[in-house]
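Engineer: Below you will find the structure I want to go over with you.
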Amino acid sequence: MKTKKSKWFWMWVGVGALVLLGIVLRPTTVLVDGAAATRGPLQVTVDEEGKTRIRERYVVAAPLAGRLQRVALKAGDAVEAGTTVLATIDAVDPVLLDPRTEAEAEARVKAAAAIQEQTVPNLEAARARHELARKELDRANELLNDNVISQQEMDRAVATERSAAEELKAARFAEKIAAFELEQAQAALLRSRPGTADDSDESQWVIRAPVSGRVLRVLQESSVVVQSGTPLIELGDPADLEVEVDVLSADAMQIEPGAKVYLERWGGPQPLMGRVRLVEPAGFTKVSALGVEEQRVWILVDFDTPPAPSRPLGDAYRVEARIVTWESDSVLKVPAGALFRSGGAWAVFVLEKGKARLRKLQIGHNNGLEVEVLDGLTEGDSVIVHPGDQIRDGISAKARTE
């Protein structure tokens, strides 16, 4: 009787052991983070810090030697071309000037006259380029409405017209400055010759604003003796802003004039829109925060939507620029965290009937967050995001639900 009970006891122990072994060896279902392959827009951008700068600025210098009277203007004061007095100089007695000083004054007049002569054809050329760019933009608008050209070609036409408009504006500014410089040089030459100045104002030289705008900096405020060419005041128009962004030269190769730019973290609630006007042809070396030398290129951006007057930007304000190098309204895409390398190719794990299945892909553009899928997936496929070491082909897996 005792032997029979021992047999049943050991039989049940064996059955329990088998059940326990089955439980231990039974495949477990791994909970994973899943995401669906979806179709939607995708943008690839180059993200860098930039800063605003006034497009055209001018430094007014002393046209002749003398004692500068104290400058009353302050940074931010408005000036009007030909009207606002910037500075007054008590000129040196012409009798005391030597022949060399007079010769230098004559040379400055000739140089200023030559520069002014150059501005005339430059202005005409800029006006002609802008007129041509404007006509091409009008034609591009008509072709776009007829679906003859793409939006990308239209963007290039817009960028070309905008760049030509800025060149024309700069040429007009240069013409005004050249005329001012010639006038100052001629007057200074007269001052260097005894008996040529009017008795009413021969002791003082008044410098008036050559352009309208605001005072950016007062470089010489106190009363002091200055020499000819000493910088006195810097002028510019704070409303005429652009953004300069330095990017890696490798990234600059992907950026084209006319590219869309999102300007963020400038101080307002919404990003500002801009367009790339120029990718400078020459690069420069910059040492990064880690001490690594990098080749960088300046990208110049024009505002499409300037900030509201209630929240104006100033000169040298920081912004964050996202420059669009490629975009599409509809692509098949998956999170970048789902991809990994397998056998020299890109792959993902797809959830199929409770199993993780390895699937190799052909991918396109990648913006670091999402990846364009060209082949290997269909819309709606569920992929595993950030698969761990325990994920293998054929393992039981289930998407985790929040």
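The chains in the structure tokens are called A, B, ... from first to last as shown; in each chain the residues are counted from 1, and the ligands are counted from 1 in the order shown.
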Residues near Arg359 in chain A, anyone? I mean within 9 Å using only C-alpha atoms, not counting same-chain ones fewer than 5 positions away, as a list in words.
Structural biologist: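 In the requested format, the answer is Trp346, Ala347, Val348, Phe349, Val350, Gly376 and Leu377 of chain A.
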Engineer: Go through range 298-390 of chain A residue by residue and, counting only C-alpha atoms, keep those with an atom at most 8 Å from range 33-48 of chain A; for each kept residue give the shortest atom pair and its distance in Å to one decimal, ordered by chain and increasing number, as a tab-separated table.
Structural biologist:
```
residue	atom	partner	partner_atom	distance
A:Glu320	CA	A:Glu48	CA	6.1
A:Ala321	CA	A:Glu48	CA	5.5
A:Arg322	CA	A:Asp47	CA	4.5
A:Ile323	CA	A:Val46	CA	5.1
A:Val324	CA	A:Thr45	CA	4.3
A:Thr325	CA	A:Thr45	CA	5.5
A:Trp326	CA	A:Val44	CA	5.2
A:Glu327	CA	A:Gln43	CA	4.3
A:Ser328	CA	A:Leu42	CA	5.5
A:Asp329	CA	A:Pro41	CA	4.1
A:Ser330	CA	A:Gly40	CA	4.5
A:Val331	CA	A:Arg39	CA	5.2
A:Leu332	CA	A:Arg39	CA	4.4
A:Lys333	CA	A:Thr38	CA	5.6
A:Val334	CA	A:Ala37	CA	5.0
A:Pro335	CA	A:Ala35	CA	7.5
A:His365	CA	A:Val44	CA	7.2
A:Asn366	CA	A:Val44	CA	6.7
A:Asn367	CA	A:Val44	CA	4.8
A:Glu370	CA	A:Leu42	CA	7.7
A:Glu372	CA	A:Leu42	CA	7.8
A:Leu377	CA	A:Ala37	CA	7.5
A:Thr378	CA	A:Ala37	CA	7.0
A:Glu379	CA	A:Ala37	CA	5.2
A:Gly380	CA	A:Ala37	CA	5.2
A:Asp381	CA	A:Ala37	CA	5.4
A:Ser382	CA	A:Ala36	CA	4.4
A:Val383	CA	A:Ala35	CA	5.4
A:Ile384	CA	A:Gly34	CA	4.6
A:Val385	CA	A:Asp33	CA	5.5
A:His386	CA	A:Asp33	CA	7.5
```
Engineer: May I ask for the distance between CA of Arg217 in chain A and CA of Arg70 in chain A, given in Å to one decimal place?
Structural biologist: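 Here the two named atoms are 14.6 Å from each other.
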Engineer: Return as JSON lines the residues of range 245-341 of chain A lying at most 10 Å from range 223-239 of chain A, together with the closest atom-to-atom pair for each and the distance in Å to one decimal, counting only C-alpha atoms, with rows in chain order and ascending residue number.
Structural biologist:
```
{"residue": "A:Pro306", "atom": "CA", "partner": "A:Ala239", "partner_atom": "CA", "distance": 9.0}
{"residue": "A:Pro307", "atom": "CA", "partner": "A:Ala239", "partner_atom": "CA", "distance": 9.8}
{"residue": "A:Pro309", "atom": "CA", "partner": "A:Ala239", "partner_atom": "CA", "distance": 9.4}
{"residue": "A:Pro312", "atom": "CA", "partner": "A:Ala239", "partner_atom": "CA", "distance": 8.2}
{"residue": "A:Leu313", "atom": "CA", "partner": "A:Pro238", "partner_atom": "CA", "distance": 8.0}
{"residue": "A:Gly314", "atom": "CA", "partner": "A:Pro238", "partner_atom": "CA", "distance": 6.1}
{"residue": "A:Asp315", "atom": "CA", "partner": "A:Pro238", "partner_atom": "CA", "distance": 6.6}
```
Engineer: Near Gly364 in chain A, within 9 Å and counting only C-alpha atoms, which residues show up once chain neighbours fewer than 3 positions away are dropped, as a short mmCIF file (atom, residue, chain, number, x, y, z; two decimals) with C-alpha atoms, in the first residue's frame?
Structural biologist:
```
data_model
loop_
_atom_site.label_atom_id
_atom_site.label_comp_id
_atom_site.auth_asym_id
_atom_site.auth_seq_id
_atom_site.Cartn_x
_atom_site.Cartn_y
_atom_site.Cartn_z
CA VAL A 371 12.02 58.60 -43.09
CA GLU A 372 10.57 58.29 -46.57
CA VAL A 373 9.98 54.64 -47.55
CA LEU A 374 10.37 53.88 -51.27
#
```
Engineer: In Å, with one decimal, what is the gap from CA of Trp205 in chain A to CA of Leu73 in chain A?
Structural biologist: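 According to the coordinates, CA of Trp205 in chain A and CA of Leu73 in chain A are separated by 16.9 Å.
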Engineer: Between CA of Gly274 in chain A and CA of Arg311 in chain A, what distance in Å does the model show, to one decimal?
Structural biologist: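 Interatomic distance here is 17.1 Å.
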Engineer: Would you list the contacts of range 391-393 of chain A as a list in words, taking every protein, DNA or RNA residue within 9 Å and counting only C-alpha atoms, but skipping same-chain residues closer than 5 positions in sequence?
Structural biologist: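 Everything that qualifies: Val30, Val32, Phe349, Lys355, Ala356, Arg357 and Leu358 of chain A.
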Engineer: Any chance you can output those residues with N, CA and C atoms as a PDB file, in the first residue's frame?
Structural biologist:
```pdb
ATOM      1  N   VAL A  30       6.439  39.770 -26.169  1.00  0.00           N
ATOM      2  CA  VAL A  30       7.166  40.975 -25.788  1.00  0.00           C
ATOM      3  C   VAL A  30       6.316  42.193 -26.135  1.00  0.00           C
ATOM      4  N   VAL A  32       5.968  45.926 -27.159  1.00  0.00           N
ATOM      5  CA  VAL A  32       6.804  46.849 -27.916  1.00  0.00           C
ATOM      6  C   VAL A  32       6.022  48.129 -28.209  1.00  0.00           C
ATOM      7  N   PHE A 349      11.314  45.942 -38.067  1.00  0.00           N
ATOM      8  CA  PHE A 349      10.505  44.814 -37.632  1.00  0.00           C
ATOM      9  C   PHE A 349       9.041  45.204 -37.793  1.00  0.00           C
ATOM     10  N   LYS A 355       3.518  38.388 -34.461  1.00  0.00           N
ATOM     11  CA  LYS A 355       4.934  38.057 -34.602  1.00  0.00           C
ATOM     12  C   LYS A 355       5.699  39.278 -35.129  1.00  0.00           C
ATOM     13  N   ALA A 356       6.965  39.367 -34.755  1.00  0.00           N
ATOM     14  CA  ALA A 356       7.848  40.400 -35.285  1.00  0.00           C
ATOM     15  C   ALA A 356       8.572  39.830 -36.493  1.00  0.00           C
ATOM     16  N   ARG A 357       8.394  40.447 -37.646  1.00  0.00           N
ATOM     17  CA  ARG A 357       8.987  39.960 -38.885  1.00  0.00           C
ATOM     18  C   ARG A 357       9.978  40.989 -39.422  1.00  0.00           C
ATOM     19  N   LEU A 358      11.185  40.494 -39.727  1.00  0.00           N
ATOM     20  CA  LEU A 358      12.216  41.372 -40.274  1.00  0.00           C
ATOM     21  C   LEU A 358      11.866  41.726 -41.713  1.00  0.00           C
TER      22      LEU A 358
END
```
Engineer: Identify, with DSSP run on backbone atoms, the residues in range 207-380 of chain A assigned to strand (DSSP E), and express the list as a VMD selection string.
Structural biologist: chain A and resid 207 to 208 213 to 218 224 to 226 231 to 236 241 to 248 260 to 264 272 to 287 293 to 303 318 to 335 340 to 342 345 to 352 355 to 366 370 to 375
Engineer: Kindly assemble as a tab-separated table a list of the range 169-263 of chain A residues that lie within 7 Å of range 297-304 of chain A, each paired with its nearest atom pair and their distance in Å to one decimal, using only C-alpha atoms, sorted first by chain and then by ascending residue number.
Structural biologist:
```
residue	atom	partner	partner_atom	distance
A:Glu242	CA	A:Asp302	CA	5.1
A:Val243	CA	A:Val301	CA	5.0
A:Glu244	CA	A:Leu300	CA	4.8
A:Val245	CA	A:Ile299	CA	5.1
A:Asp246	CA	A:Trp298	CA	4.4
A:Val247	CA	A:Val297	CA	5.4
A:Leu248	CA	A:Val297	CA	6.2
A:Ser249	CA	A:Val297	CA	5.6
A:Ala252	CA	A:Val297	CA	6.6
```
Engineer: Residues as selected, N, CA and C atoms, written as a PDB file, in the first residue's frame, can you do that?
Structural biologist:
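Writing the result to part_13.pdb gives the following:
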```pdb
ATOM      1  N   GLU A 242      17.661  91.698 -42.822  1.00  0.00           N
ATOM      2  CA  GLU A 242      17.825  90.371 -43.392  1.00  0.00           C
ATOM      3  C   GLU A 242      18.414  89.474 -42.314  1.00  0.00           C
ATOM      4  N   VAL A 243      18.505  88.195 -42.584  1.00  0.00           N
ATOM      5  CA  VAL A 243      19.039  87.236 -41.614  1.00  0.00           C
ATOM      6  C   VAL A 243      20.245  86.551 -42.234  1.00  0.00           C
ATOM      7  N   GLU A 244      21.317  86.469 -41.476  1.00  0.00           N
ATOM      8  CA  GLU A 244      22.500  85.739 -41.921  1.00  0.00           C
ATOM      9  C   GLU A 244      22.643  84.476 -41.070  1.00  0.00           C
ATOM     10  N   VAL A 245      22.828  83.351 -41.753  1.00  0.00           N
ATOM     11  CA  VAL A 245      22.938  82.050 -41.101  1.00  0.00           C
ATOM     12  C   VAL A 245      24.182  81.362 -41.646  1.00  0.00           C
ATOM     13  N   ASP A 246      25.052  80.887 -40.765  1.00  0.00           N
ATOM     14  CA  ASP A 246      26.208  80.134 -41.239  1.00  0.00           C
ATOM     15  C   ASP A 246      25.949  78.656 -41.050  1.00  0.00           C
ATOM     16  N   VAL A 247      26.113  77.895 -42.143  1.00  0.00           N
ATOM     17  CA  VAL A 247      25.868  76.450 -42.144  1.00  0.00           C
ATOM     18  C   VAL A 247      27.131  75.738 -42.596  1.00  0.00           C
ATOM     19  N   LEU A 248      27.179  74.446 -42.335  1.00  0.00           N
ATOM     20  CA  LEU A 248      28.285  73.635 -42.832  1.00  0.00           C
ATOM     21  C   LEU A 248      28.306  73.654 -44.353  1.00  0.00           C
ATOM     22  N   SER A 249      29.507  73.636 -44.938  1.00  0.00           N
ATOM     23  CA  SER A 249      29.610  73.695 -46.392  1.00  0.00           C
ATOM     24  C   SER A 249      28.906  72.512 -47.052  1.00  0.00           C
ATOM     25  N   ALA A 252      25.368  73.473 -47.155  1.00  0.00           N
ATOM     26  CA  ALA A 252      25.147  74.567 -48.106  1.00  0.00           C
ATOM     27  C   ALA A 252      24.974  74.044 -49.524  1.00  0.00           C
TER      28      ALA A 252
END
```
Engineer: Write out as a ChimeraX atom specification the residues lying within 10 Å of Ala250 in chain A, counting only C-alpha atoms and excluding same-chain residues fewer than 4 positions away.
Structural biologist: /A:254-255,295-297
Engineer: Next, write the just-selected residues to a file, as a PDB file, in the first residue's frame, keeping N, CA and C atoms as the atom set.
Structural biologist:
```pdb
ATOM      1  N   GLN A 254      23.182  71.687 -50.406  1.00  0.00           N
ATOM      2  CA  GLN A 254      21.793  71.266 -50.577  1.00  0.00           C
ATOM      3  C   GLN A 254      20.818  72.444 -50.617  1.00  0.00           C
ATOM      4  N   ILE A 255      21.306  73.655 -50.361  1.00  0.00           N
ATOM      5  CA  ILE A 255      20.430  74.826 -50.250  1.00  0.00           C
ATOM      6  C   ILE A 255      20.453  75.613 -51.551  1.00  0.00           C
ATOM      7  N   GLN A 295      34.297  74.035 -41.905  1.00  0.00           N
ATOM      8  CA  GLN A 295      34.125  74.933 -43.044  1.00  0.00           C
ATOM      9  C   GLN A 295      32.657  75.338 -43.112  1.00  0.00           C
ATOM     10  N   ARG A 296      32.415  76.641 -43.009  1.00  0.00           N
ATOM     11  CA  ARG A 296      31.062  77.163 -42.961  1.00  0.00           C
ATOM     12  C   ARG A 296      30.813  78.087 -44.149  1.00  0.00           C
ATOM     13  N   VAL A 297      29.525  78.306 -44.450  1.00  0.00           N
ATOM     14  CA  VAL A 297      29.118  79.172 -45.557  1.00  0.00           C
ATOM     15  C   VAL A 297      27.983  80.064 -45.060  1.00  0.00           C
TER      16      VAL A 297
END
```
Engineer: With distances taken over only C-alpha atoms, which residue among A:Leu31, A:Ala112, A:Val85, A:Ile54 lies nearest Pro210 in chain A?
Structural biologist: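 That would be A:Val85, the residue with the smallest distance to Pro210 in chain A.
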Engineer: Which of these, A:Val59, A:Leu182, A:Ala81, A:Leu144, has the shortest distance to Lys110 in chain A once you count only C-alpha atoms?
Structural biologist: A:Leu182
Engineer: Could you tell me which of A:Val218, A:Ile177, A:Ile207, A:Ala126 comes closest to Thr84 in chain A if we count only C-alpha atoms?
Structural biologist: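 Closest to Thr84 in chain A of all the choices is A:Ile207.
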Engineer: Counting only C-alpha atoms, give me one row per residue of range 103-130 of chain A with an atom at most 12 Å from an atom of range 61-67 of chain A, showing the shortest contact pair and its distance in Å to one decimal, sorted by chain then residue number, as a tab-separated table.
Structural biologist:
```
residue	atom	partner	partner_atom	distance
A:Glu104	CA	A:Leu64	CA	10.5
A:Ala105	CA	A:Leu64	CA	8.5
A:Arg108	CA	A:Pro63	CA	9.6
A:Val109	CA	A:Pro63	CA	10.8
A:Ala112	CA	A:Pro63	CA	11.9
```
Engineer: With N, CA and C atoms retained, could you export that selection as a PDB file, in the first residue's frame?
Structural biologist:
```pdb
ATOM      1  N   GLU A 104      46.042 115.646 -51.155  1.00  0.00           N
ATOM      2  CA  GLU A 104      45.213 114.535 -50.695  1.00  0.00           C
ATOM      3  C   GLU A 104      43.731 114.849 -50.880  1.00  0.00           C
ATOM      4  N   ALA A 105      43.347 116.097 -50.607  1.00  0.00           N
ATOM      5  CA  ALA A 105      41.951 116.497 -50.799  1.00  0.00           C
ATOM      6  C   ALA A 105      41.559 116.409 -52.264  1.00  0.00           C
ATOM      7  N   ARG A 108      41.018 112.794 -53.144  1.00  0.00           N
ATOM      8  CA  ARG A 108      39.734 112.273 -52.654  1.00  0.00           C
ATOM      9  C   ARG A 108      38.589 112.718 -53.547  1.00  0.00           C
ATOM     10  N   VAL A 109      38.672 113.928 -54.071  1.00  0.00           N
ATOM     11  CA  VAL A 109      37.627 114.397 -54.989  1.00  0.00           C
ATOM     12  C   VAL A 109      37.620 113.543 -56.256  1.00  0.00           C
ATOM     13  N   ALA A 112      36.201 110.099 -55.434  1.00  0.00           N
ATOM     14  CA  ALA A 112      34.746 110.135 -55.238  1.00  0.00           C
ATOM     15  C   ALA A 112      34.026 110.329 -56.548  1.00  0.00           C
TER      16      ALA A 112
END
```
